[in-house]
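Text of the file work18.pdb, holding PDB, C-alpha atoms and all ligand atoms:
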ATOM      1  CA  MET A  15      25.126   0.062  -3.756
ATOM      2  CA  ALA A  16      23.425   1.529  -6.803
ATOM      3  CA  THR A  17      22.959  -1.957  -8.231
ATOM      4  CA  LYS A  18      21.336  -3.244  -5.098
ATOM      5  CA  ASP A  19      19.062  -0.201  -4.890
ATOM      6  CA  SER A  20      17.903  -0.434  -8.468
ATOM      7  CA  ALA A  21      17.376  -4.176  -8.101
ATOM      8  CA  SER A  22      15.123  -3.728  -5.106
ATOM      9  CA  LYS A  23      13.319  -0.905  -6.882
ATOM     10  CA  ALA A  24      12.607  -3.144  -9.834
ATOM     11  CA  ASN A  25      11.500  -5.844  -7.445
ATOM     12  CA  ALA A  26       9.073  -3.508  -5.668
ATOM     13  CA  THR A  27       7.579  -2.473  -8.994
ATOM     14  CA  LYS A  28       7.264  -6.079 -10.096
ATOM     15  CA  GLN A  29       5.585  -7.077  -6.841
ATOM     16  CA  ARG A  30       3.141  -4.206  -7.125
ATOM     17  CA  SER A  31       1.860  -5.194 -10.529
ATOM     18  CA  GLY A  32       2.405  -8.902 -10.033
ATOM     19  CA  SER A  33      -0.820  -9.813  -8.277
ATOM     20  CA  ARG A  34      -2.737  -9.724 -11.543
ATOM     21  CA  SER A  35      -1.073 -12.810 -12.842
ATOM     22  CA  GLY A  36       0.184 -14.183  -9.515
ATOM     23  CA  ALA A  37      -2.995 -15.838  -8.316
ATOM     24  CA  ALA A  38      -5.656 -17.894  -9.963
ATOM     25  CA  PRO A  39      -9.230 -16.585  -9.800
ATOM     26  CA  GLY A  40     -10.781 -17.479  -6.477
ATOM     27  CA  ALA A  41      -7.398 -17.933  -4.827
ATOM     28  CA  LEU A  42      -7.166 -14.410  -3.461
ATOM     29  CA  ASP A  43      -7.717 -13.925   0.222
ATOM     30  CA  ALA A  44      -8.438 -10.276   1.088
ATOM     31  CA  ILE A  45      -6.334 -10.342   4.250
ATOM     32  CA  LYS A  46      -3.381 -11.953   2.517
ATOM     33  CA  LEU A  47      -3.612  -9.399  -0.286
ATOM     34  CA  LEU A  48      -3.697  -6.434   2.124
ATOM     35  CA  THR A  49      -0.903  -7.930   4.256
ATOM     36  CA  ALA A  50       1.262  -8.356   1.149
ATOM     37  CA  ASP A  51       0.741  -4.652   0.396
ATOM     38  CA  HIS A  52       1.911  -3.844   3.928
ATOM     39  CA  ARG A  53       5.121  -5.817   3.357
ATOM     40  CA  ASP A  54       5.710  -4.173  -0.034
ATOM     41  CA  VAL A  55       5.320  -0.661   1.283
ATOM     42  CA  LYS A  56       7.518  -1.407   4.280
ATOM     43  CA  GLY A  57      10.210  -2.483   1.819
ATOM     44  CA  LEU A  58       9.877   0.842   0.005
ATOM     45  CA  PHE A  59      10.213   2.788   3.265
ATOM     46  CA  GLN A  60      13.353   0.780   4.075
ATOM     47  CA  GLU A  61      14.718   1.466   0.627
ATOM     48  CA  TYR A  62      14.071   5.194   1.070
ATOM     49  CA  GLN A  63      15.881   5.154   4.409
ATOM     50  CA  ARG A  64      18.857   3.357   2.842
ATOM     51  CA  LEU A  65      19.074   6.113   0.241
ATOM     52  CA  VAL A  66      18.951   8.762   2.980
ATOM     53  CA  ASP A  67      21.687   6.930   4.914
ATOM     54  CA  HIS A  68      23.871   6.888   1.798
ATOM     55  CA  ASP A  69      23.287  10.575   1.037
ATOM     56  CA  ALA A  70      21.627   9.626  -2.238
ATOM     57  CA  GLU A  71      20.697  12.303  -4.767
ATOM     58  CA  ASP A  72      17.236  13.810  -4.605
ATOM     59  CA  ASP A  73      16.349  12.336  -7.985
ATOM     60  CA  GLU A  74      17.008   8.849  -6.627
ATOM     61  CA  LYS A  75      14.849   9.408  -3.559
ATOM     62  CA  GLN A  76      11.893  11.112  -5.153
ATOM     63  CA  PRO A  77      10.677   8.162  -7.286
ATOM     64  CA  ILE A  78      10.660   5.940  -4.187
ATOM     65  CA  ALA A  79       8.678   8.507  -2.225
ATOM     66  CA  GLU A  80       6.264   8.793  -5.144
ATOM     67  CA  GLN A  81       5.854   5.004  -5.234
ATOM     68  CA  ILE A  82       5.166   5.011  -1.494
ATOM     69  CA  CYS A  83       2.511   7.714  -1.888
ATOM     70  CA  ALA A  84       0.853   5.973  -4.847
ATOM     71  CA  MET A  85       0.870   2.597  -3.173
ATOM     72  CA  LEU A  86      -0.513   3.879   0.126
ATOM     73  CA  SER A  87      -3.208   5.926  -1.591
ATOM     74  CA  VAL A  88      -4.439   2.938  -3.562
ATOM     75  CA  HIS A  89      -4.245   0.651  -0.522
ATOM     76  CA  ALA A  90      -6.161   3.109   1.686
ATOM     77  CA  GLN A  91      -8.824   3.589  -0.968
ATOM     78  CA  LEU A  92      -9.246  -0.174  -1.386
ATOM     79  CA  GLU A  93      -9.651  -0.647   2.341
ATOM     80  CA  GLU A  94     -12.082   2.254   2.693
ATOM     81  CA  GLU A  95     -14.205   1.320  -0.330
ATOM     82  CA  ILE A  96     -14.283  -2.443   0.058
ATOM     83  CA  PHE A  97     -12.669  -4.018   3.097
ATOM     84  CA  TYR A  98     -13.565  -1.640   5.922
ATOM     85  CA  PRO A  99     -17.328  -1.453   5.183
ATOM     86  CA  ALA A 100     -17.505  -5.259   5.038
ATOM     87  CA  ALA A 101     -15.459  -5.619   8.231
ATOM     88  CA  LYS A 102     -17.517  -3.003  10.075
ATOM     89  CA  GLU A 103     -20.655  -5.063   9.457
ATOM     90  CA  ALA A 104     -19.040  -8.293  10.560
ATOM     91  CA  ILE A 105     -16.532  -7.801  13.366
ATOM     92  CA  LYS A 106     -16.981  -7.694  17.111
ATOM     93  CA  ASP A 107     -15.448  -4.215  17.586
ATOM     94  CA  PRO A 108     -16.585  -2.053  14.657
ATOM     95  CA  ASP A 109     -14.918   0.931  16.394
ATOM     96  CA  LEU A 110     -11.622  -0.510  15.139
ATOM     97  CA  VAL A 111     -12.713   0.383  11.614
ATOM     98  CA  ASP A 112     -13.510   3.976  12.583
ATOM     99  CA  GLU A 113     -10.120   4.317  14.263
ATOM    100  CA  ALA A 114      -8.385   2.908  11.197
ATOM    101  CA  THR A 115     -10.244   5.403   8.990
ATOM    102  CA  VAL A 116      -9.075   8.297  11.189
ATOM    103  CA  GLU A 117      -5.505   6.987  10.962
ATOM    104  CA  HIS A 118      -5.820   6.912   7.172
ATOM    105  CA  ALA A 119      -6.788  10.591   7.243
ATOM    106  CA  SER A 120      -3.570  11.502   9.097
ATOM    107  CA  ALA A 121      -1.509   9.487   6.648
ATOM    108  CA  LYS A 122      -3.275  11.086   3.672
ATOM    109  CA  ASP A 123      -2.459  14.520   5.043
ATOM    110  CA  LEU A 124       1.261  13.706   5.051
ATOM    111  CA  ILE A 125       0.986  12.085   1.610
ATOM    112  CA  ALA A 126      -0.584  15.281   0.279
ATOM    113  CA  GLN A 127       2.265  17.325   1.784
ATOM    114  CA  LEU A 128       4.836  15.038   0.169
ATOM    115  CA  ARG A 129       3.115  15.250  -3.201
ATOM    116  CA  GLU A 130       3.172  19.038  -3.062
ATOM    117  CA  SER A 131       6.890  19.181  -2.359
ATOM    118  CA  ASN A 132      10.116  17.398  -3.311
ATOM    119  CA  PRO A 133      13.344  16.271  -1.633
ATOM    120  CA  ILE A 134      14.806  19.799  -1.860
ATOM    121  CA  ASP A 135      12.384  20.616   0.959
ATOM    122  CA  GLU A 136      14.338  20.465   4.206
ATOM    123  CA  LEU A 137      11.549  18.469   5.881
ATOM    124  CA  TYR A 138      10.939  16.009   3.037
ATOM    125  CA  ASP A 139      12.988  13.119   4.485
ATOM    126  CA  ALA A 140      11.458  13.700   7.915
ATOM    127  CA  LYS A 141       7.971  13.569   6.415
ATOM    128  CA  VAL A 142       8.710  10.265   4.697
ATOM    129  CA  LYS A 143      10.093   8.902   7.971
ATOM    130  CA  VAL A 144       7.103  10.030  10.052
ATOM    131  CA  LEU A 145       4.734   8.639   7.419
ATOM    132  CA  GLY A 146       6.571   5.316   7.735
ATOM    133  CA  GLU A 147       6.137   5.386  11.508
ATOM    134  CA  TYR A 148       2.407   6.165  11.187
ATOM    135  CA  ILE A 149       2.014   3.299   8.756
ATOM    136  CA  ASP A 150       3.962   0.913  11.005
ATOM    137  CA  HIS A 151       1.619   1.692  13.868
ATOM    138  CA  HIS A 152      -1.465   1.423  11.669
ATOM    139  CA  VAL A 153      -0.336  -1.887  10.173
ATOM    140  CA  LYS A 154       0.269  -3.334  13.657
ATOM    141  CA  GLU A 155      -3.337  -2.537  14.592
ATOM    142  CA  GLU A 156      -4.737  -3.927  11.354
ATOM    143  CA  GLU A 157      -2.707  -7.119  11.484
ATOM    144  CA  GLY A 158      -2.962  -7.502  15.258
ATOM    145  CA  GLU A 159      -6.651  -6.714  15.832
ATOM    146  CA  LEU A 160      -8.752  -5.876  12.791
ATOM    147  CA  PHE A 161      -7.656  -8.702  10.496
ATOM    148  CA  PRO A 162      -7.859 -11.443  13.174
ATOM    149  CA  GLN A 163     -11.375 -10.291  14.074
ATOM    150  CA  ALA A 164     -12.333 -10.258  10.392
ATOM    151  CA  ARG A 165     -11.012 -13.784   9.993
ATOM    152  CA  ARG A 166     -12.894 -14.998  13.081
ATOM    153  CA  ALA A 167     -16.108 -13.305  11.857
ATOM    154  CA  GLY A 168     -16.259 -15.663   8.872
ATOM    155  CA  MET A 169     -16.249 -12.925   6.213
ATOM    156  CA  ASP A 170     -16.095 -14.097   2.598
ATOM    157  CA  LEU A 171     -12.417 -13.211   2.212
ATOM    158  CA  ALA A 172     -12.029 -14.886  -1.175
ATOM    159  CA  ALA A 173     -14.824 -12.805  -2.741
ATOM    160  CA  LEU A 174     -13.493  -9.656  -1.097
ATOM    161  CA  GLY A 175      -9.995 -10.481  -2.309
ATOM    162  CA  GLU A 176     -11.196 -10.681  -5.884
ATOM    163  CA  ARG A 177     -13.018  -7.355  -5.571
ATOM    164  CA  LEU A 178      -9.918  -5.744  -4.056
ATOM    165  CA  ASP A 179      -7.699  -7.061  -6.826
ATOM    166  CA  ARG A 180     -10.049  -5.900  -9.592
ATOM    167  CA  ARG A 181     -10.449  -2.468  -8.073
ATOM    168  CA  ARG A 182      -6.708  -2.157  -7.568
ATOM    169  CA  MET A 183      -6.069  -2.737 -11.251
ATOM    170  CA  GLU A 184      -8.566   0.018 -12.111
ATOM    171  CA  LEU A 185      -6.967   2.462  -9.683
ATOM    172  CA  LEU A 186      -3.425   1.710 -10.859
ATOM    173  CA  GLN A 187      -4.514   2.247 -14.453
ATOM    174  CA  GLU A 188      -6.177   5.550 -13.524
ATOM    175  CA  LEU A 189      -2.922   6.635 -11.882
ATOM    176  CA  GLY A 190      -0.934   5.528 -14.938
ATOM    177  CA  VAL A 191       1.139   3.214 -12.730
ATOM    178  CA  ILE A 192       0.363   0.239 -14.933
ATOM    179  CA  ASP A 193      -0.701   0.052 -18.553
ATOM    180  CA  GLU A 194      -4.167  -0.886 -19.640
ATOM    181  CA  VAL A 195      -4.859  -4.570 -19.061
ATOM    182  CA  SER A 196      -3.893  -5.648 -22.540
ATOM    183  CA  GLU A 197      -0.980  -8.040 -21.913
ATOM    184  CA  GLU A 198      -3.208 -11.095 -21.713
ATOM    185  CA  GLU A 199      -5.138 -10.072 -24.814
ATOM    186  CA  GLU A 200      -1.925  -9.559 -26.746
ATOM    187  CA  ALA A 201      -0.321 -12.802 -25.528
TER
HETATM  188 FE    FE B 301      -3.787  -1.798   5.456
HETATM  189 FE    FE B 302      -5.430   0.728   6.636
END

Show how you would write the structure in this file as structure tokens.
Amino acid sequence: MATKDSASKANATKQRSGSRSGAAPGALDAIKLLTADHRDVKGLFQEYQRLVDHDAEDDEKQPIAEQICAMLSVHAQLEEEIFYPAAKEAIKDPDLVDEATVEHASAKDLIAQLRESNPIDELYDAKVKVLGEYIDHHVKEEEGELFPQARRAGMDLAALGERLDRRRMELLQELGVIDEVSEEEEA
């Protein structure tokens, strides 16, 4: 099992930093980019649950929880800084954006609680699980209502996608999740 777990962990990390080289300039669609994040984070929640089910050690679980928190924080910030303001201007039901922002606040509260504790905390696993349920619900609303409305509204999703991708790289560097963008210069 350990092999499978570490393989999927490596995969999640690769996916997270892969968008930089994965798409040619102009090929990024904001909705596809955000939806891919949703899939990645769902995979991390599933991986965490597998570790819980196998009574994994705390030091195996904590890095996954930390990845979940980092990934969700960056994703929420990207949406709030770039995607939500653009969608609010364009879509038929701008209230959807306000609701999504309120849902982010609940998720951020749990993320903050997780960051202040560790798996020794009796409630740590429960907090990760409830966070996963919040995010599932939130993702259903984004993918089921907000994103379809944004697509119908004719937003410039390619330009937004590029802005999201650029900003994500900055945020990941600030967090120390990825190194400075030097690979291409060195290659
Ligand atoms: Fe999202
Ligand atoms: Fe969101």

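Comparing A:Val111, A:Ile78, A:Val142, A:Ala44 by their smallest distance to ligand FE 302 (chain B), the closest is A:Val111 (using all atoms listed in the file).
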
Margin query: Let me see if you get this right: every residue at most 8 Å from ligand FE 301 (chain B), counting only C-alpha atoms and all ligand atoms, written as a list of chain:residue names.
Written below: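 Selection of residues at most 8 Å from ligand FE 301 (chain B): A:Leu48, A:Thr49, A:Asp51, A:His52, A:His89, A:Ala90, A:Glu93, A:His152, A:Val153, A:Glu156.
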
Margin query: As an exercise, work out the distance from atom CA of Ala167 of chain A to atom CA of Ile105 of chain A in Å and give it to one decimal place.
Written below: 5.7 Å

Each chain A residue no farther than 12 Å from ligand FE 302 (chain B), nearest pair in Å, all atoms listed in the file, as a Markdown table:
| residue | atom | partner | partner_atom | distance |
| --- | --- | --- | --- | --- |
| A:Ile45 | CA | B:FE302 | FE | 11.4 |
| A:Leu48 | CA | B:FE302 | FE | 8.6 |
| A:Thr49 | CA | B:FE302 | FE | 10.1 |
| A:Asp51 | CA | B:FE302 | FE | 10.3 |
| A:His52 | CA | B:FE302 | FE | 9.1 |
| A:Met85 | CA | B:FE302 | FE | 11.8 |
| A:Leu86 | CA | B:FE302 | FE | 8.7 |
| A:Ser87 | CA | B:FE302 | FE | 10.0 |
| A:Val88 | CA | B:FE302 | FE | 10.5 |
| A:His89 | CA | B:FE302 | FE | 7.3 |
| A:Ala90 | CA | B:FE302 | FE | 5.5 |
| A:Gln91 | CA | B:FE302 | FE | 8.8 |
| A:Leu92 | CA | B:FE302 | FE | 8.9 |
| A:Glu93 | CA | B:FE302 | FE | 6.2 |
| A:Glu94 | CA | B:FE302 | FE | 7.9 |
| A:Glu95 | CA | B:FE302 | FE | 11.2 |
| A:Ile96 | CA | B:FE302 | FE | 11.5 |
| A:Phe97 | CA | B:FE302 | FE | 9.4 |
| A:Tyr98 | CA | B:FE302 | FE | 8.5 |
| A:Ala101 | CA | B:FE302 | FE | 12.0 |
| A:Leu110 | CA | B:FE302 | FE | 10.6 |
| A:Val111 | CA | B:FE302 | FE | 8.8 |
| A:Asp112 | CA | B:FE302 | FE | 10.5 |
| A:Glu113 | CA | B:FE302 | FE | 9.6 |
| A:Ala114 | CA | B:FE302 | FE | 5.9 |
| A:Thr115 | CA | B:FE302 | FE | 7.1 |
| A:Val116 | CA | B:FE302 | FE | 9.6 |
| A:Glu117 | CA | B:FE302 | FE | 7.6 |
| A:His118 | CA | B:FE302 | FE | 6.2 |
| A:Ala119 | CA | B:FE302 | FE | 10.0 |
| A:Ser120 | CA | B:FE302 | FE | 11.2 |
| A:Ala121 | CA | B:FE302 | FE | 9.6 |
| A:Lys122 | CA | B:FE302 | FE | 11.0 |
| A:Tyr148 | CA | B:FE302 | FE | 10.6 |
| A:Ile149 | CA | B:FE302 | FE | 8.2 |
| A:Asp150 | CA | B:FE302 | FE | 10.4 |
| A:His151 | CA | B:FE302 | FE | 10.1 |
| A:His152 | CA | B:FE302 | FE | 6.4 |
| A:Val153 | CA | B:FE302 | FE | 6.7 |
| A:Lys154 | CA | B:FE302 | FE | 9.9 |
| A:Glu155 | CA | B:FE302 | FE | 8.9 |
| A:Glu156 | CA | B:FE302 | FE | 6.7 |
| A:Glu157 | CA | B:FE302 | FE | 9.6 |
| A:Glu159 | CA | B:FE302 | FE | 11.9 |
| A:Leu160 | CA | B:FE302 | FE | 9.6 |
| A:Phe161 | CA | B:FE302 | FE | 10.4 |

Checklist line | Output of the PyMOL selection byres (((chain A and resi 129) around 10) and not hetatm), listed as an MDAnalysis selection string | finding: chainID A and resid 76 79:80 83:84 123:128 130:132

Checklist line | Atomic distance atom CA of Glu103 of chain A - atom CA of Gln163 of chain A, expressed in Å with one decimal | finding: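 So the answer is 11.6 Å.
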
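Residues matched by the PyMOL selection byres (((chain A and resi 74) around 12) and not hetatm) in this structure: Ala16, Asp19, Ser20, Lys23, Glu61, Tyr62, Gln63, Arg64, Leu65, Val66, His68, Asp69, Ala70, Glu71, Asp72, Asp73, Lys75, Gln76, Pro77, Ile78, Ala79, Glu80, Gln81, Asn132 and Pro133 of chain A.
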
Check: atom CA of Leu174 of chain A to atom CA of Leu47 of chain A: how many Å, to one decimal?
Finding: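 Spanning atom CA of Leu174 of chain A to atom CA of Leu47 of chain A is a straight-line distance of 9.9 Å.
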
Taking all atoms of segment 74-79 of chain A that the file lists, what box with edges along x, y and z, padded by 6 Å per side, do you get, with centre and edge lengths in Å to one decimal, as AutoDock Vina command-line options?
--center_x 12.8 --center_y 8.5 --center_z -4.8 --size_x 20.3 --size_y 17.2 --size_z 17.1

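For the choices A:Gly146, A:Gly57, A:Gly168, A:Gly175, the atom-to-atom distance to Asp43 of chain A is smallest for A:Gly175 when using only C-alpha atoms.
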